[in-house]
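Structure file work-v2.pdb (PDB, C-alpha atoms) follows.
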```
ATOM      1  CA  MET Q   1      24.189   0.663  38.500
ATOM      2  CA  LYS Q   2      21.624   0.952  35.717
ATOM      3  CA  PRO Q   3      19.089  -1.919  35.844
ATOM      4  CA  THR Q   4      19.156  -4.495  33.075
ATOM      5  CA  ARG Q   5      15.959  -4.420  31.047
ATOM      6  CA  ARG Q   6      14.285  -7.693  30.213
ATOM      7  CA  VAL Q   7      11.075  -8.927  28.616
ATOM      8  CA  PHE Q   8       8.770 -10.844  30.917
ATOM      9  CA  SER Q   9       5.594 -12.649  29.877
ATOM     10  CA  PHE Q  10       2.799 -12.861  32.419
ATOM     11  CA  GLY Q  11       0.361 -14.901  30.342
ATOM     12  CA  LEU Q  12      -1.056 -11.600  29.111
ATOM     13  CA  PRO Q  13       0.729  -9.248  26.700
ATOM     14  CA  ALA Q  14       4.480  -9.338  27.171
ATOM     15  CA  LEU Q  15       5.660  -6.322  29.095
ATOM     16  CA  VAL Q  16       9.083  -4.815  29.403
ATOM     17  CA  CYS Q  17      10.158  -4.735  33.019
ATOM     18  CA  TRP Q  18      13.278  -4.429  35.072
ATOM     19  CA  PRO Q  19      14.142  -5.192  38.696
ATOM     20  CA  GLY Q  20      12.211  -3.075  41.157
ATOM     21  CA  LEU Q  21       9.312  -2.247  38.812
ATOM     22  CA  ALA Q  22       5.998  -3.634  40.016
ATOM     23  CA  ARG Q  23       3.708  -4.856  37.268
ATOM     24  CA  SER Q  24       0.821  -3.018  38.874
ATOM     25  CA  ALA Q  25       2.636   0.209  38.021
ATOM     26  CA  VAL Q  26       2.157  -0.476  34.308
ATOM     27  CA  SER Q  27      -1.308  -0.384  32.754
ATOM     28  CA  ASP Q  28      -2.316  -3.186  30.409
ATOM     29  CA  PRO Q  29      -4.222  -1.599  27.481
ATOM     30  CA  ILE Q  30      -3.533  -4.599  25.222
ATOM     31  CA  ALA Q  31      -5.312  -7.183  27.383
ATOM     32  CA  GLN Q  32      -8.124  -4.713  28.060
ATOM     33  CA  TYR Q  33      -8.689  -4.174  24.334
ATOM     34  CA  GLU Q  34      -8.779  -7.896  23.518
ATOM     35  CA  ARG Q  35     -11.076  -8.666  26.419
ATOM     36  CA  VAL Q  36     -13.594  -5.903  25.714
ATOM     37  CA  THR Q  37     -13.693  -5.956  21.892
ATOM     38  CA  GLY Q  38     -13.095  -9.643  21.214
ATOM     39  CA  GLY Q  39     -10.397  -8.630  18.773
ATOM     40  CA  ARG Q  40      -6.670  -9.233  18.577
ATOM     41  CA  ILE Q  41      -3.825  -6.780  18.693
ATOM     42  CA  GLY Q  42      -0.197  -7.199  17.674
ATOM     43  CA  VAL Q  43       2.633  -5.099  19.101
ATOM     44  CA  TYR Q  44       6.354  -4.848  18.501
ATOM     45  CA  ALA Q  45       8.286  -1.939  19.978
ATOM     46  CA  VAL Q  46      12.038  -1.723  20.427
ATOM     47  CA  ASN Q  47      14.445   0.841  21.808
ATOM     48  CA  VAL Q  48      17.096   0.659  19.087
ATOM     49  CA  LYS Q  49      19.820   1.915  21.408
ATOM     50  CA  THR Q  50      19.225  -0.388  24.397
ATOM     51  CA  GLY Q  51      17.506  -3.329  22.730
ATOM     52  CA  ALA Q  52      14.618  -3.274  25.227
ATOM     53  CA  LYS Q  53      11.409  -4.585  23.651
ATOM     54  CA  LEU Q  54       7.687  -4.770  24.177
ATOM     55  CA  THR Q  55       5.920  -7.503  22.187
ATOM     56  CA  TRP Q  56       2.530  -9.192  21.899
ATOM     57  CA  ARG Q  57       1.407 -11.368  18.980
ATOM     58  CA  ALA Q  58       4.430  -9.893  17.210
ATOM     59  CA  ASP Q  59       4.670 -12.743  14.681
ATOM     60  CA  GLU Q  60       0.975 -12.986  13.792
ATOM     61  CA  ARG Q  61      -0.288 -11.598  10.491
ATOM     62  CA  PHE Q  62      -2.324  -8.399  10.313
ATOM     63  CA  ILE Q  63      -3.638  -6.455   7.317
ATOM     64  CA  MET Q  64      -1.546  -3.312   6.789
ATOM     65  CA  CYS Q  65      -4.284  -1.039   5.438
ATOM     66  CA  SER Q  66      -2.800   2.382   4.680
ATOM     67  CA  SER Q  67       0.291   1.865   6.813
ATOM     68  CA  TYR Q  68       1.761   0.194   3.698
ATOM     69  CA  LYS Q  69       2.138   3.670   2.172
ATOM     70  CA  ALA Q  70       5.320   4.254   4.163
ATOM     71  CA  SER Q  71       6.882   1.264   2.377
ATOM     72  CA  LEU Q  72       5.470   2.481  -0.945
ATOM     73  CA  ALA Q  73       7.089   5.888  -0.482
ATOM     74  CA  ALA Q  74      10.392   4.222   0.407
ATOM     75  CA  PHE Q  75      10.110   2.053  -2.728
ATOM     76  CA  VAL Q  76       9.541   5.121  -4.906
ATOM     77  CA  LEU Q  77      12.487   6.891  -3.260
ATOM     78  CA  SER Q  78      14.691   3.851  -3.861
ATOM     79  CA  ARG Q  79      13.808   4.096  -7.547
ATOM     80  CA  VAL Q  80      14.789   7.767  -7.447
ATOM     81  CA  ASP Q  81      18.108   6.790  -5.869
ATOM     82  CA  ARG Q  82      18.741   4.338  -8.729
ATOM     83  CA  GLY Q  83      17.848   6.863 -11.406
ATOM     84  CA  GLU Q  84      14.654   5.016 -12.377
ATOM     85  CA  GLU Q  85      12.341   7.807 -11.208
ATOM     86  CA  LYS Q  86      12.430  11.569 -10.738
ATOM     87  CA  LEU Q  87      10.824  13.476  -7.890
ATOM     88  CA  ASP Q  88       9.790  16.317 -10.203
ATOM     89  CA  ALA Q  89       8.238  14.007 -12.834
ATOM     90  CA  ALA Q  90       4.550  14.724 -13.441
ATOM     91  CA  ILE Q  91       1.947  11.977 -13.048
ATOM     92  CA  ARG Q  92      -1.220  12.734 -14.977
ATOM     93  CA  TYR Q  93      -4.614  11.510 -13.801
ATOM     94  CA  GLY Q  94      -8.323  12.172 -14.156
ATOM     95  CA  VAL Q  95     -11.681  11.788 -12.434
ATOM     96  CA  ARG Q  96     -11.803   8.035 -13.147
ATOM     97  CA  ASP Q  97      -8.642   7.529 -11.060
ATOM     98  CA  THR Q  98     -10.310   9.057  -8.002
ATOM     99  CA  LYS Q  99     -13.472   6.927  -7.929
ATOM    100  CA  ASP Q 100     -14.310   5.314  -4.561
ATOM    101  CA  LEU Q 101     -11.031   6.476  -3.021
ATOM    102  CA  TRP Q 102      -9.986   8.813  -0.225
ATOM    103  CA  GLY Q 103      -7.959  11.508  -1.966
ATOM    104  CA  PRO Q 104      -8.259  15.052  -0.584
ATOM    105  CA  VAL Q 105      -4.996  16.275  -2.093
ATOM    106  CA  SER Q 106      -5.355  14.546  -5.460
ATOM    107  CA  LYS Q 107      -8.967  15.690  -5.828
ATOM    108  CA  ALA Q 108      -7.994  19.268  -4.961
ATOM    109  CA  ASN Q 109      -5.543  19.144  -7.869
ATOM    110  CA  LEU Q 110      -7.913  17.578 -10.407
ATOM    111  CA  THR Q 111      -8.216  20.785 -12.404
ATOM    112  CA  LYS Q 112      -4.447  20.702 -12.986
ATOM    113  CA  GLY Q 113      -4.664  17.090 -14.094
ATOM    114  CA  ALA Q 114      -1.247  16.169 -12.696
ATOM    115  CA  MET Q 115       0.951  16.126  -9.597
ATOM    116  CA  THR Q 116       4.660  15.489  -9.200
ATOM    117  CA  VAL Q 117       6.008  12.235  -7.833
ATOM    118  CA  GLU Q 118       7.272  14.072  -4.756
ATOM    119  CA  ALA Q 119       3.911  15.750  -4.107
ATOM    120  CA  MET Q 120       2.120  12.419  -4.455
ATOM    121  CA  CYS Q 121       4.485  10.691  -2.025
ATOM    122  CA  LYS Q 122       3.977  13.471   0.479
ATOM    123  CA  ALA Q 123       0.177  13.278   0.142
ATOM    124  CA  ALA Q 124       0.171   9.470   0.389
ATOM    125  CA  VAL Q 125       2.165   9.474   3.627
ATOM    126  CA  GLU Q 126       0.985  12.660   5.349
ATOM    127  CA  ILE Q 127      -2.710  12.592   4.381
ATOM    128  CA  SER Q 128      -3.002   8.917   3.358
ATOM    129  CA  ASP Q 129      -4.227   9.965  -0.095
ATOM    130  CA  GLY Q 130      -5.311   6.702  -1.741
ATOM    131  CA  VAL Q 131      -5.480   8.118  -5.248
ATOM    132  CA  CYS Q 132      -1.841   9.195  -5.057
ATOM    133  CA  ALA Q 133      -0.851   5.838  -3.590
ATOM    134  CA  ASN Q 134      -2.547   3.875  -6.380
ATOM    135  CA  LEU Q 135      -0.991   6.031  -9.087
ATOM    136  CA  LEU Q 136       2.481   5.735  -7.555
ATOM    137  CA  LEU Q 137       2.110   1.986  -7.124
ATOM    138  CA  ALA Q 138       0.978   1.483 -10.722
ATOM    139  CA  ARG Q 139       3.785   3.683 -12.064
ATOM    140  CA  SER Q 140       6.359   1.719 -10.034
ATOM    141  CA  GLY Q 141       5.342  -1.730 -11.266
ATOM    142  CA  GLY Q 142       2.352  -2.619  -9.089
ATOM    143  CA  PRO Q 143       1.947  -4.693  -5.911
ATOM    144  CA  ALA Q 144       4.347  -7.426  -7.047
ATOM    145  CA  ALA Q 145       7.122  -4.873  -7.592
ATOM    146  CA  LEU Q 146       6.617  -3.369  -4.136
ATOM    147  CA  THR Q 147       6.683  -6.838  -2.584
ATOM    148  CA  ALA Q 148       9.904  -7.585  -4.498
ATOM    149  CA  PHE Q 149      11.435  -4.399  -3.068
ATOM    150  CA  LEU Q 150      10.545  -5.555   0.441
ATOM    151  CA  ARG Q 151      12.166  -8.922  -0.237
ATOM    152  CA  SER Q 152      15.290  -7.161  -1.508
ATOM    153  CA  ILE Q 153      15.763  -5.367   1.826
ATOM    154  CA  GLY Q 154      15.361  -8.548   3.858
ATOM    155  CA  ASP Q 155      11.640  -8.552   4.620
ATOM    156  CA  GLY Q 156      10.453 -12.054   3.727
ATOM    157  CA  ILE Q 157       7.023 -11.656   5.324
ATOM    158  CA  THR Q 158       5.342  -8.379   4.328
ATOM    159  CA  ARG Q 159       3.416  -8.548   1.055
ATOM    160  CA  VAL Q 160       1.250  -6.245  -1.041
ATOM    161  CA  ASP Q 161      -1.312  -7.889  -3.327
ATOM    162  CA  HIS Q 162      -3.899  -5.266  -4.270
ATOM    163  CA  TYR Q 163      -4.541  -1.607  -4.943
ATOM    164  CA  GLU Q 164      -6.933   0.411  -2.806
ATOM    165  CA  PRO Q 165      -9.736  -0.005  -1.900
ATOM    166  CA  GLN Q 166      -9.380  -3.801  -2.271
ATOM    167  CA  LEU Q 167      -6.240  -3.675  -0.127
ATOM    168  CA  ASP Q 168      -8.381  -2.721   2.892
ATOM    169  CA  ARG Q 169     -11.025  -5.367   2.239
ATOM    170  CA  VAL Q 170      -9.118  -8.656   2.170
ATOM    171  CA  PRO Q 171      -9.949 -11.321   4.788
ATOM    172  CA  SER Q 172      -8.602 -10.505   8.236
ATOM    173  CA  GLY Q 173      -5.764 -12.753   9.334
ATOM    174  CA  GLY Q 174      -5.001 -14.026   5.836
ATOM    175  CA  PRO Q 175      -1.735 -13.620   3.941
ATOM    176  CA  TRP Q 176      -2.869 -10.959   1.476
ATOM    177  CA  ASP Q 177      -1.718  -7.368   1.972
ATOM    178  CA  SER Q 178      -0.378  -8.281   5.387
ATOM    179  CA  THR Q 179       2.637  -8.122   7.632
ATOM    180  CA  THR Q 180       3.571  -8.964  11.205
ATOM    181  CA  PRO Q 181       4.399  -6.312  13.790
ATOM    182  CA  ALA Q 182       7.951  -7.684  14.087
ATOM    183  CA  ALA Q 183       8.516  -7.708  10.317
ATOM    184  CA  MET Q 184       7.128  -4.223   9.770
ATOM    185  CA  ALA Q 185       9.094  -2.754  12.666
ATOM    186  CA  ALA Q 186      12.312  -4.207  11.222
ATOM    187  CA  THR Q 187      11.476  -2.854   7.763
ATOM    188  CA  LEU Q 188      10.584   0.586   9.097
ATOM    189  CA  GLN Q 189      13.863   0.668  11.005
ATOM    190  CA  LYS Q 190      15.797  -0.137   7.824
ATOM    191  CA  MET Q 191      13.959   2.509   5.811
ATOM    192  CA  VAL Q 192      14.221   5.354   8.323
ATOM    193  CA  LEU Q 193      17.369   4.528  10.299
ATOM    194  CA  GLY Q 194      19.299   2.140   8.031
ATOM    195  CA  ASP Q 195      21.050   2.356   4.694
ATOM    196  CA  VAL Q 196      18.246   1.203   2.380
ATOM    197  CA  LEU Q 197      17.858   4.759   1.062
ATOM    198  CA  SER Q 198      20.269   7.568   0.301
ATOM    199  CA  ALA Q 199      20.652  10.267   2.963
ATOM    200  CA  ARG Q 200      18.464  12.650   0.960
ATOM    201  CA  SER Q 201      15.706  10.099   0.379
ATOM    202  CA  LYS Q 202      15.796   8.972   3.991
ATOM    203  CA  ALA Q 203      15.417  12.584   5.117
ATOM    204  CA  LEU Q 204      12.404  13.050   2.825
ATOM    205  CA  LEU Q 205      10.691   9.902   4.073
ATOM    206  CA  THR Q 206      11.322  10.916   7.681
ATOM    207  CA  GLN Q 207       9.980  14.410   6.979
ATOM    208  CA  TRP Q 208       6.761  12.995   5.525
ATOM    209  CA  LEU Q 209       6.276  10.613   8.452
ATOM    210  CA  ILE Q 210       6.790  13.444  10.932
ATOM    211  CA  GLY Q 211       4.248  15.476   8.958
ATOM    212  CA  ASN Q 212       1.530  12.819   9.293
ATOM    213  CA  GLN Q 213      -1.889  14.419   9.802
ATOM    214  CA  THR Q 214      -4.185  11.380  10.137
ATOM    215  CA  ASN Q 215      -5.635   9.786  13.312
ATOM    216  CA  PRO Q 216      -3.570  10.448  16.462
ATOM    217  CA  ARG Q 217      -3.247   6.728  17.302
ATOM    218  CA  LEU Q 218       0.178   6.227  18.946
ATOM    219  CA  ARG Q 219       0.788   9.979  19.026
ATOM    220  CA  GLY Q 220      -2.174  10.210  21.380
ATOM    221  CA  GLY Q 221      -0.162   8.477  24.112
ATOM    222  CA  LEU Q 222       3.462   9.278  23.306
ATOM    223  CA  PRO Q 223       4.895  12.372  25.044
ATOM    224  CA  ARG Q 224       4.441  15.585  23.081
ATOM    225  CA  SER Q 225       8.083  16.445  23.691
ATOM    226  CA  TRP Q 226       9.182  13.489  21.539
ATOM    227  CA  LEU Q 227       9.853  13.793  17.834
ATOM    228  CA  ILE Q 228       7.479  11.329  16.162
ATOM    229  CA  GLY Q 229       7.109  10.078  12.604
ATOM    230  CA  ASN Q 230       4.282   7.639  11.881
ATOM    231  CA  LYS Q 231       1.869   6.193   9.320
ATOM    232  CA  THR Q 232      -1.580   4.980  10.277
ATOM    233  CA  GLY Q 233      -4.068   2.695   8.551
ATOM    234  CA  HIS Q 234      -7.726   1.755   9.047
ATOM    235  CA  SER Q 235     -10.158  -0.531   7.230
ATOM    236  CA  GLY Q 236     -13.207   1.254   8.602
ATOM    237  CA  ARG Q 237     -14.053  -1.910  10.510
ATOM    238  CA  ASP Q 238     -11.880  -4.024  12.820
ATOM    239  CA  MET Q 239      -8.475  -3.514  11.236
ATOM    240  CA  ALA Q 240      -6.317  -0.562  12.228
ATOM    241  CA  GLY Q 241      -2.600   0.041  12.479
ATOM    242  CA  ASP Q 242       0.090   2.541  13.274
ATOM    243  CA  ILE Q 243       3.816   2.276  12.630
ATOM    244  CA  ALA Q 244       6.206   4.831  14.044
ATOM    245  CA  VAL Q 245       9.736   5.901  14.762
ATOM    246  CA  ALA Q 246       9.865   8.096  17.856
ATOM    247  CA  TRP Q 247      12.828   9.945  19.308
ATOM    248  CA  PRO Q 248      12.692  10.710  23.067
ATOM    249  CA  ARG Q 249      16.204  12.024  22.428
ATOM    250  CA  PRO Q 250      18.098  12.415  19.128
ATOM    251  CA  ASP Q 251      20.312   9.407  19.881
ATOM    252  CA  THR Q 252      17.539   7.117  21.175
ATOM    253  CA  PRO Q 253      15.078   6.064  18.461
ATOM    254  CA  ILE Q 254      12.199   3.752  19.325
ATOM    255  CA  VAL Q 255      10.514   1.787  16.522
ATOM    256  CA  ILE Q 256       6.892   0.725  17.014
ATOM    257  CA  ALA Q 257       4.415  -1.318  14.976
ATOM    258  CA  VAL Q 258       0.875  -1.944  16.224
ATOM    259  CA  TYR Q 259      -1.988  -3.654  14.363
ATOM    260  CA  THR Q 260      -5.495  -4.890  15.202
ATOM    261  CA  ARG Q 261      -7.894  -7.387  13.663
ATOM    262  CA  GLU Q 262     -11.231  -9.067  14.414
ATOM    263  CA  GLY Q 263     -13.771  -8.240  17.100
ATOM    264  CA  ARG Q 264     -16.118  -5.260  17.222
ATOM    265  CA  PRO Q 265     -14.004  -2.257  18.201
ATOM    266  CA  THR Q 266     -15.278   1.316  18.197
ATOM    267  CA  GLU Q 267     -13.273   4.341  17.152
ATOM    268  CA  LYS Q 268     -13.013   5.317  20.818
ATOM    269  CA  GLN Q 269     -11.555   1.901  21.670
ATOM    270  CA  PHE Q 270      -8.995   2.268  18.868
ATOM    271  CA  ASP Q 271      -7.960   5.643  20.287
ATOM    272  CA  GLU Q 272      -7.733   4.226  23.799
ATOM    273  CA  VAL Q 273      -5.626   1.179  22.939
ATOM    274  CA  PHE Q 274      -3.185   2.936  20.611
ATOM    275  CA  GLY Q 275      -2.817   5.813  23.062
ATOM    276  CA  GLY Q 276      -2.401   3.320  25.900
ATOM    277  CA  ILE Q 277       0.342   1.477  24.036
ATOM    278  CA  GLY Q 278       2.048   4.802  23.387
ATOM    279  CA  ARG Q 279       2.042   5.519  27.114
ATOM    280  CA  LEU Q 280       3.246   1.980  27.829
ATOM    281  CA  VAL Q 281       6.159   2.432  25.425
ATOM    282  CA  ALA Q 282       7.064   5.747  27.017
ATOM    283  CA  SER Q 283       6.965   4.307  30.546
ATOM    284  CA  THR Q 284       8.909   1.115  29.845
ATOM    285  CA  LEU Q 285      11.319   1.563  26.923
ATOM    286  CA  VAL Q 286      13.105   4.797  27.787
TER     287      VAL Q 286
END
```

What does this structure look like when you write it as C-alpha cells?
Amino acid sequence: MKPTRRVFSFGLPALVCWPGLARSAVSDPIAQYERVTGGRIGVYAVNVKTGAKLTWRADERFIMCSSYKASLAAFVLSRVDRGEEKLDAAIRYGVRDTKDLWGPVSKANLTKGAMTVEAMCKAAVEISDGVCANLLLARSGGPAALTAFLRSIGDGITRVDHYEPQLDRVPSGGPWDSTTPAAMAATLQKMVLGDVLSARSKALLTQWLIGNQTNPRLRGGLPRSWLIGNKTGHSGRDMAGDIAVAWPRPDTPIVIAVYTREGRPTEKQFDEVFGGIGRLVASTLV
C-alpha cells in the first residue's frame, strides 16, 4: 500500500514526510540558510497530482524582483489571445530606454531600433532582459494593468507597482512589487497548467520558461532528467527568487516558488539554499 503523504512541522521549516521516513534522512537547507545569513526564506512547493506540499513562510510577503516577468509574459499573451496585441508587432525603442538596465538582447538589437512583441517576451523570460520587460509593461498599460490581470485570474495578493530598476529596490518585506510563495505558486500553476491562456499561448510561455538561461537556482538541485521551466529574480542584495514548474514525469508536474529577503547572504549561499530546496523537493514530493 502506497504511504499517505502528509505535511509535518517540526518547529523548523515544514517538511513533507510520510510514515517510515526519518527526518534525519532529509537535509534542512532552509533552516541552515536562515541561521547562517540572518535572512528569511519562503517556500511553497506542491505535487499537483498527489497534493503533497512543502511549505515555509508560504504566506509572508517577498519582493518578486525579475520573477515577475513570467506573469508579465502571461499578461501579454492573454492580450494576444483577446486580439488586443500581436506577437509580430514591432516595438520601437532607443538608447534612452536602455539606461541603467540589464538588457543584453535589447541592446544587441539597438541598431535595428525595434523588436517584435514575441522576441521581447522571450528575452524578458529567458534572459531576464529588463529593457524588454519595461517596454512590454508600458505598452500593456503599466504596473496597474498587470496587477489587474493578476486579480482577474484569482490572485488577490501579488502586485506590481514599479518599472525596473525601481521594482528591485523597494523596501524588503513591504507590500510593493511583492507576492507570497503560496500566491505565486498558485498563479504560476494557472498560467502554465490551467486555462488562463490559450493552448498556443500556454505552450509559448512554457517554452520560454524551459529556455531560461539565468542563475541555476532551483535547477542546481533538481534532477537533470526532469523537464524544468523557471524564472529567477535577484535584487543584487538580499532578495532573490525562483519560480518553477518541473516535470519528473509528463503527468506529474510540481510547482515551486521560493523567495528570500533580509540578512547578509552571499551568492554562494543563494546557490546552496536554492539547490538544497531543489534536492529537498525531489526527495520528498515525488

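Each of Q:Ala144, Q:Gly241, Q:Trp176, Q:Ser201 was compared to Val80 (chain Q) using only C-alpha atoms, and Q:Ser201 turns out to be the nearest.
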
Item to complete: Spell out the residues picked by the PyMOL selection byres ((chain Q and resi 180) around 8) here, as number ranges by chain.
Response: Q: 42, 58-62, 157-158, 178-179, 181-184

Worksheet item: What residues have an atom no more than 9 Å from (0.2, 4.6, 19.5) in the file's own frame, counting only C-alpha atoms, and can you write them as a PyMOL selection string?
Response: chain Q and resi 216-222+241-244+256-258+271+273-279+281

Practice prompt. Within 7 Å of Ser66 (chain Q), counting all atoms listed in the file, which residues show up once you throw out same-chain ones fewer than 6 positions away? Write them as an MDAnalysis selection string, please.
Written response: chainID Q and resid 128 232:234

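Running the PyMOL selection byres ((chain Q and resi 249) around 10) on this file leaves Ser225, Trp226, Leu227, Ala246, Trp247, Pro248, Pro250, Asp251, Thr252, Pro253, Ile254 and Val286 of chain Q selected.
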
Practice prompt. Pick out the residues sitting within 10 Å of Arg40 (chain Q), and hand them over as a list in words; count only C-alpha atoms, and ignore anything fewer than 3 positions along from it in its own chain.
Written response: Ile30, Ala31, Tyr33, Glu34, Arg35, Thr37, Trp56, Arg57, Glu60, Phe62, Gly173, Asp238, Met239, Tyr259, Thr260, Arg261, Glu262 and Gly263 of chain Q

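Computed from the coordinates, the CA of Asp177 (chain Q) to CA of Lys69 (chain Q) distance equals 11.7 Å.
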